[in-house]
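query05.cif (mmCIF, C-alpha atoms) appears below.
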data_my_file
loop_
_atom_site.label_atom_id
_atom_site.label_comp_id
_atom_site.auth_asym_id
_atom_site.auth_seq_id
_atom_site.Cartn_x
_atom_site.Cartn_y
_atom_site.Cartn_z
CA MET M 1 15.27 69.26 13.99
CA ALA M 2 15.96 68.88 17.73
CA GLY M 3 16.95 72.55 17.97
CA SER M 4 13.80 73.57 16.10
CA HIS M 5 11.68 71.43 18.45
CA MET M 6 13.24 73.13 21.47
CA ARG M 7 12.68 76.59 20.00
CA ASP M 8 9.03 75.74 19.35
CA ALA M 9 8.62 74.54 22.95
CA GLU M 10 10.33 77.61 24.39
CA ASP M 11 8.01 79.83 22.34
CA LYS M 12 5.23 78.35 24.50
CA LEU M 13 7.00 78.01 27.84
CA GLU M 14 10.17 79.14 29.59
CA ALA M 15 11.60 77.26 32.57
CA TYR M 16 13.45 78.85 35.49
CA CYS M 17 14.96 77.26 38.58
CA ILE M 18 15.49 79.31 41.74
CA ARG M 19 19.07 78.58 42.79
CA LEU M 20 21.27 79.97 45.57
CA LYS M 21 24.49 80.54 43.64
CA ASP M 22 26.82 80.39 46.66
CA ASN M 23 25.14 77.43 48.34
CA GLU M 24 26.66 74.02 47.53
CA LEU M 25 23.48 72.11 48.38
CA SER M 26 21.42 74.37 46.08
CA VAL M 27 23.95 74.21 43.23
CA ASN M 28 24.19 70.41 43.42
CA GLY M 29 20.40 70.09 43.55
CA PHE M 30 20.07 72.32 40.50
CA ASP M 31 22.64 70.21 38.60
CA LYS M 32 20.69 67.02 39.35
CA LEU M 33 17.47 68.71 38.23
CA VAL M 34 19.02 69.73 34.90
CA GLN M 35 20.49 66.25 34.37
CA SER M 36 17.10 64.64 35.00
CA SER M 37 15.42 66.99 32.52
CA MET M 38 18.02 66.31 29.84
CA ARG M 39 17.83 62.55 30.42
CA LEU M 40 14.08 62.66 29.78
CA ASN M 41 14.52 64.88 26.70
CA ASN M 42 12.41 67.76 27.93
CA PRO M 43 12.16 70.19 25.00
CA PHE M 44 13.30 73.24 26.95
CA LYS M 45 16.33 74.62 28.72
CA ILE M 46 16.16 75.24 32.46
CA ASN M 47 17.37 78.77 33.06
CA ILE M 48 18.99 79.79 36.33
CA PHE M 49 17.19 82.37 38.42
CA ASP M 50 19.57 83.60 41.12
CA ALA M 51 17.58 83.44 44.34
CA ILE M 52 16.87 86.60 46.27
CA THR M 53 18.84 86.52 49.53
CA PRO M 54 18.19 88.27 52.85
CA GLU M 55 20.71 90.96 51.86
CA ASN M 56 18.73 92.09 48.80
CA ILE M 57 15.07 91.58 49.70
CA GLY M 58 14.04 95.22 49.34
CA THR M 59 10.79 96.53 50.79
CA VAL M 60 8.15 93.86 51.49
CA ASN M 61 4.81 94.32 53.23
CA TRP M 62 5.01 91.04 55.17
CA ASN M 63 1.67 90.16 56.76
CA TYR M 64 2.02 86.65 58.16
CA PRO M 65 2.78 85.59 61.76
CA TRP M 66 6.15 84.23 62.85
CA ASP M 67 4.64 82.60 65.94
CA GLY M 68 1.30 81.01 66.69
CA GLU M 69 -1.77 81.57 64.56
CA GLU M 70 -4.02 84.45 63.59
CA LEU M 71 -7.15 84.97 61.53
CA CYS M 72 -6.94 86.99 58.33
CA LEU M 73 -10.11 89.06 58.34
CA LYS M 74 -9.91 89.85 54.63
CA SER M 75 -9.58 86.26 53.41
CA GLY M 76 -11.21 84.43 56.32
CA LEU M 77 -8.21 82.10 56.47
CA ARG M 78 -6.19 81.00 59.49
CA LYS M 79 -2.56 82.03 59.13
CA ARG M 80 -0.43 79.50 61.00
CA ALA M 81 3.27 80.23 61.53
CA TYR M 82 5.84 78.15 59.65
CA ALA M 83 8.88 76.74 61.45
CA THR M 84 11.52 79.31 60.49
CA VAL M 85 14.92 79.90 62.12
CA ASN M 86 15.74 82.97 60.01
CA PRO M 87 12.58 84.90 59.01
CA SER M 88 14.42 86.89 56.33
CA LYS M 89 15.04 83.64 54.40
CA ARG M 90 11.29 82.99 54.28
CA VAL M 91 10.67 86.51 52.99
CA ALA M 92 13.48 86.13 50.42
CA CYS M 93 11.87 82.91 49.14
CA PHE M 94 8.59 84.76 48.62
CA VAL M 95 10.36 87.57 46.76
CA SER M 96 12.13 85.08 44.47
CA HIS M 97 8.82 83.54 43.46
CA ARG M 98 7.15 86.94 43.10
CA LYS M 99 9.87 88.09 40.70
CA LEU M 100 9.16 85.07 38.51
CA TRP M 101 5.43 85.87 38.61
CA GLU M 102 6.33 89.35 37.41
CA LYS M 103 8.52 87.85 34.69
CA THR M 104 5.58 85.75 33.48
CA ILE M 105 3.60 88.94 32.97
CA GLU M 106 6.56 90.66 31.33
CA LEU M 107 7.09 87.79 28.88
CA ASP M 108 3.33 87.35 28.39
CA LYS M 109 3.67 83.57 28.33
CA PRO M 110 3.71 80.69 30.82
CA ILE M 111 6.74 79.96 32.96
CA LEU M 112 7.67 76.69 34.62
CA VAL M 113 8.91 77.67 38.09
CA LEU M 114 11.23 75.16 39.74
CA GLU M 115 13.11 75.08 43.01
CA HIS M 116 16.51 73.43 43.30
CA ASP M 117 15.11 70.43 45.20
CA ALA M 118 12.87 69.29 42.32
CA ILE M 119 13.84 66.46 39.98
CA PHE M 120 12.08 65.27 36.83
CA VAL M 121 10.71 61.73 36.77
CA LYS M 122 8.73 62.02 33.52
CA GLN M 123 8.99 64.17 30.39
CA LEU M 124 6.74 67.21 30.77
CA ASP M 125 3.64 67.12 28.57
CA LEU M 126 3.28 70.62 27.12
CA SER M 127 -0.39 70.00 26.37
CA LEU M 128 -0.87 70.96 30.03
CA LEU M 129 -0.68 74.53 28.78
CA ASP M 130 -4.01 74.03 27.03
CA GLN M 131 -5.80 73.13 30.25
CA PRO M 132 -8.20 75.78 31.68
CA TYR M 133 -6.10 76.49 34.76
CA ASP M 134 -3.95 79.55 35.49
CA ILE M 135 -1.50 77.70 37.75
CA ILE M 136 -0.76 73.97 37.56
CA GLY M 137 1.30 72.00 40.06
CA ILE M 138 3.23 69.12 38.49
CA ASN M 139 4.96 67.74 41.59
CA SER M 140 4.28 64.48 43.42
CA PRO M 141 2.82 65.24 46.85
CA ILE M 142 4.76 62.43 48.51
CA GLY M 143 7.31 64.02 50.83
CA ALA M 144 6.36 67.47 49.57
CA THR M 145 3.29 68.50 51.57
CA ARG M 146 1.35 67.74 54.71
CA LYS M 147 -1.21 64.91 54.54
CA SER M 148 0.53 63.83 51.34
CA GLY M 149 -1.20 60.42 51.27
CA ASP M 150 -4.64 62.04 51.41
CA TYR M 151 -3.59 64.59 48.80
CA HIS M 152 -2.36 61.85 46.44
CA ARG M 153 -5.47 59.69 46.85
CA LYS M 154 -7.83 62.58 46.14
CA VAL M 155 -5.89 63.60 43.03
CA GLN M 156 -5.79 60.04 41.70
CA LEU M 157 -9.52 59.50 42.25
CA ARG M 158 -9.90 61.71 39.17
CA LYS M 159 -6.91 60.41 37.20
CA ASN M 160 -8.93 60.22 33.99
CA ASN M 161 -8.51 64.00 33.89
CA THR M 162 -5.24 65.64 32.89
CA VAL M 163 -5.50 68.36 35.53
CA VAL M 164 -7.85 68.54 38.53
CA PRO M 165 -8.61 71.26 41.09
CA VAL M 166 -6.45 71.32 44.20
CA PRO M 167 -7.89 68.68 46.56
CA MET M 168 -9.41 69.64 49.92
CA ILE M 169 -7.45 67.92 52.69
CA ASP M 170 -8.36 70.29 55.56
CA ASP M 171 -11.18 72.55 56.66
CA LEU M 172 -12.07 75.61 54.63
CA PHE M 173 -10.14 77.98 56.89
CA VAL M 174 -6.73 76.39 56.25
CA PRO M 175 -4.87 77.63 53.13
CA GLN M 176 -4.50 74.61 50.82
CA GLY M 177 -2.55 74.73 47.62
CA LEU M 178 -0.06 72.79 45.56
CA ALA M 179 2.17 69.98 46.80
CA GLY M 180 4.81 72.50 47.76
CA ASN M 181 6.09 75.11 45.33
CA SER M 182 8.97 73.06 43.94
CA ALA M 183 7.45 72.77 40.46
CA TYR M 184 4.51 74.60 38.91
CA ILE M 185 3.44 76.15 35.63
CA ILE M 186 2.12 79.69 35.92
CA LYS M 187 0.36 81.64 33.20
CA PRO M 188 0.17 85.45 33.06
CA ALA M 189 -3.41 85.40 34.40
CA GLY M 190 -2.29 83.35 37.40
CA ALA M 191 0.61 85.71 38.04
CA ARG M 192 -1.73 88.71 37.98
CA SER M 193 -4.09 86.99 40.41
CA LEU M 194 -1.25 86.31 42.84
CA ILE M 195 0.12 89.83 42.67
CA ASP M 196 -3.39 91.22 43.19
CA LYS M 197 -3.65 89.04 46.31
CA VAL M 198 -0.32 90.35 47.61
CA ASN M 199 -1.60 93.89 47.12
CA GLU M 200 -4.81 93.00 48.97
CA LEU M 201 -3.49 90.78 51.79
CA GLY M 202 0.19 91.61 52.07
CA ALA M 203 3.02 89.14 51.55
CA TRP M 204 2.60 85.56 52.83
CA PRO M 205 4.79 82.47 52.37
CA ASN M 206 4.35 81.78 48.66
CA ASP M 207 2.81 78.32 49.08
CA ALA M 208 0.25 79.64 51.60
CA LEU M 209 -0.72 82.57 49.39
CA MET M 210 -1.07 80.24 46.40
CA CYS M 211 -4.07 78.34 47.74
CA TYR M 212 -7.42 77.44 46.18
CA GLN M 213 -9.22 79.86 48.49
CA ASN M 214 -7.19 82.75 47.02
CA ILE M 215 -6.65 81.54 43.44
CA LYS M 216 -9.70 80.13 41.70
CA ARG M 217 -8.09 78.45 38.67
CA LEU M 218 -5.47 76.49 40.61
CA GLY M 219 -4.92 72.91 39.49
CA VAL M 220 -2.78 69.82 39.88
CA SER M 221 -1.68 67.45 37.12
CA THR M 222 -2.79 63.87 37.75
CA THR M 223 0.48 62.69 36.23
CA TYR M 224 3.41 63.72 38.41
CA TYR M 225 6.31 65.00 36.34
CA THR M 226 8.60 65.91 39.23
CA GLN M 227 9.26 64.91 42.80
CA VAL M 228 11.38 66.38 45.56
CA GLN M 229 14.97 65.24 46.02
CA GLY M 230 14.60 65.17 49.79
CA LEU M 231 17.18 67.91 50.40
CA PRO M 232 17.27 69.88 53.67
CA SER M 233 15.28 73.10 53.42
CA THR M 234 17.32 76.25 52.84
CA THR M 235 14.30 78.35 53.89
CA THR M 236 13.42 76.71 57.20
CA ARG M 237 16.98 76.48 58.55
#

As structure tokens, please, write out the structure in this file.
Amino acid sequence: MAGSHMRDAEDKLEAYCIRLKDNELSVNGFDKLVQSSMRLNNPFKINIFDAITPENIGTVNWNYPWDGEELCLKSGLRKRAYATVNPSKRVACFVSHRKLWEKTIELDKPILVLEHDAIFVKQLDLSLLDQPYDIIGINSPIGATRKSGDYHRKVQLRKNNTVVPVPMIDDLFVPQGLAGNSAYIIKPAGARSLIDKVNELGAWPNDALMCYQNIKRLGVSTTYYTQVQGLPSTTTR
């Protein structure tokens, strides 16, 4: 029966974690993520997605500043540089996420995208898939995004809802999205919207591109199913 339950769940959703196979911190983080999911009896297997590395990025039309700030005339958003020691790692992170967006379209079903620093704190409720959102963040904002206290309070003001729109914690010109990209469900429609935006705007850091100004059906679960482990960033360093 347990095997049948898992097969039924995986018919609805597949889960992938982006893991750097030769990085001890990433491998250990992934192992803790899998253990937390098994301990909570999540009805799906977490598949490994070998992260794209700077050596195998391929051709990317990167269109985001490495220093300072600039205005994107097409979107009207302010693009503010991220702290990044090795720019190619930031681009590789984007490509890893984009490949999973493409996989969502290929499979024609939702994917749960995870990064190695996520950890489950509650069994995932698959009824989230029935919510009218194309992308749903499931991660606690605490320690995962700027102004995390404000983000949390605004989400919990509407906690009678299962999923709510991404809260506004800044002015309209600042890209605002999920509480990091460590854990989110993406449906084929959401993946198509993101890829369309890449074609229109060029490549941005994935969490800046995935903002409510760019993606209209972007939501956040009011129950947090994951949180970050607090590991050092492999993208920033």

Considering all atoms listed in the file, tabulate each residue of segment 88-169 of chain M that lies at most 6 Å from segment 34-57 of chain M along with its nearest interatomic pair and the corresponding distance in Å to one decimal; arrange the rows by chain and ascending residue number and present them as a Markdown table.
| residue | atom | partner | partner_atom | distance |
| --- | --- | --- | --- | --- |
| M:Ser88 | CA | M:Pro54 | CA | 5.3 |
| M:Lys89 | CA | M:Pro54 | CA | 5.8 |
| M:Ala92 | CA | M:Ile52 | CA | 5.4 |
| M:Ser96 | CA | M:Ile52 | CA | 5.3 |
| M:Phe120 | CA | M:Ser36 | CA | 5.4 |
| M:Gln123 | CA | M:Leu40 | CA | 5.3 |

Could you turn the residues from that selection into a file that holds C-alpha atoms, as a PDB file, keeping the file's coordinate frame?
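Ended up saving to again.pdb:
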ATOM      1  CA  SER M  88      14.420  86.890  56.330  1.00  0.00           C
ATOM      2  CA  LYS M  89      15.040  83.640  54.400  1.00  0.00           C
ATOM      3  CA  ALA M  92      13.480  86.130  50.420  1.00  0.00           C
ATOM      4  CA  SER M  96      12.130  85.080  44.470  1.00  0.00           C
ATOM      5  CA  PHE M 120      12.080  65.270  36.830  1.00  0.00           C
ATOM      6  CA  GLN M 123       8.990  64.170  30.390  1.00  0.00           C
TER       7      GLN M 123
END

Explicit residue set for the PyMOL selection byres ((chain M and resi 19) around 6), as a ChimeraX atom specification: /M:18,20-21,26,50-51,116

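When all atoms listed in the file are used to compute distances to Thr235 of chain M, the closest of the residues M:Arg146, M:Lys32, M:Lys79, M:Arg90 turns out to be M:Arg90.
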
Using only C-alpha atoms: which of M:Gln131, M:Ser233, M:Pro87, M:Pro165 has the shortest distance to Asn23 of chain M: M:Ser233

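If you measure from each of M:Asn28, M:Thr84, M:Ser75, M:Asn63 to Arg237 of chain M using all atoms listed in the file, the closest one turns out to be M:Thr84.
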
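Considering the residues M:Ser221, M:Thr234, M:Gln156, M:Ser182 and counting only C-alpha atoms, Gly143 of chain M has its shortest atom-to-atom contact with M:Ser182.
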
Selected residue of minimal separation from Pro167 of chain M among M:Ser148, M:Thr236, M:Ser127, M:Thr59, counting all atoms listed in the file: M:Ser148

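Residue membership of the PyMOL selection byres ((chain M and resi 173) around 6) in the shown file amounts to Leu77, Arg78, Asp171, Leu172 and Val174 of chain M.
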
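Here the question is which of M:Asp150, M:Asp207, M:Glu69, M:Asp11 gets nearest to Lys109 of chain M using only C-alpha atoms, and that residue is M:Asp11.
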
Near-Leu13 of chain M list (10 Å; all atoms listed in the file; drop same-chain fewer than 2 positions) as number ranges by chain: M: 7-11, 15, 43-45, 104, 107, 109-112, 126, 129, 185-187

Using the selection just defined, write its residues with C-alpha atoms as a short mmCIF file (atom, residue, chain, number, x, y, z; two decimals), keeping the file's coordinate frame.
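Output saved as out22.cif:
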data_model
loop_
_atom_site.label_atom_id
_atom_site.label_comp_id
_atom_site.auth_asym_id
_atom_site.auth_seq_id
_atom_site.Cartn_x
_atom_site.Cartn_y
_atom_site.Cartn_z
CA ARG M 7 12.68 76.59 20.00
CA ASP M 8 9.03 75.74 19.35
CA ALA M 9 8.62 74.54 22.95
CA GLU M 10 10.33 77.61 24.39
CA ASP M 11 8.01 79.83 22.34
CA ALA M 15 11.60 77.26 32.57
CA PRO M 43 12.16 70.19 25.00
CA PHE M 44 13.30 73.24 26.95
CA LYS M 45 16.33 74.62 28.72
CA THR M 104 5.58 85.75 33.48
CA LEU M 107 7.09 87.79 28.88
CA LYS M 109 3.67 83.57 28.33
CA PRO M 110 3.71 80.69 30.82
CA ILE M 111 6.74 79.96 32.96
CA LEU M 112 7.67 76.69 34.62
CA LEU M 126 3.28 70.62 27.12
CA LEU M 129 -0.68 74.53 28.78
CA ILE M 185 3.44 76.15 35.63
CA ILE M 186 2.12 79.69 35.92
CA LYS M 187 0.36 81.64 33.20
#

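Atom CA of Asn139 of chain M sits 7.8 Å away from atom CA of Gly180 of chain M.
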
Distance of atom CA of Leu218 of chain M from atom CA of Asp196 of chain M, expressed in Å to one decimal place: 15.1 Å

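Going from atom CA of Gly177 of chain M to atom CA of Asp108 of chain M covers 23.7 Å.
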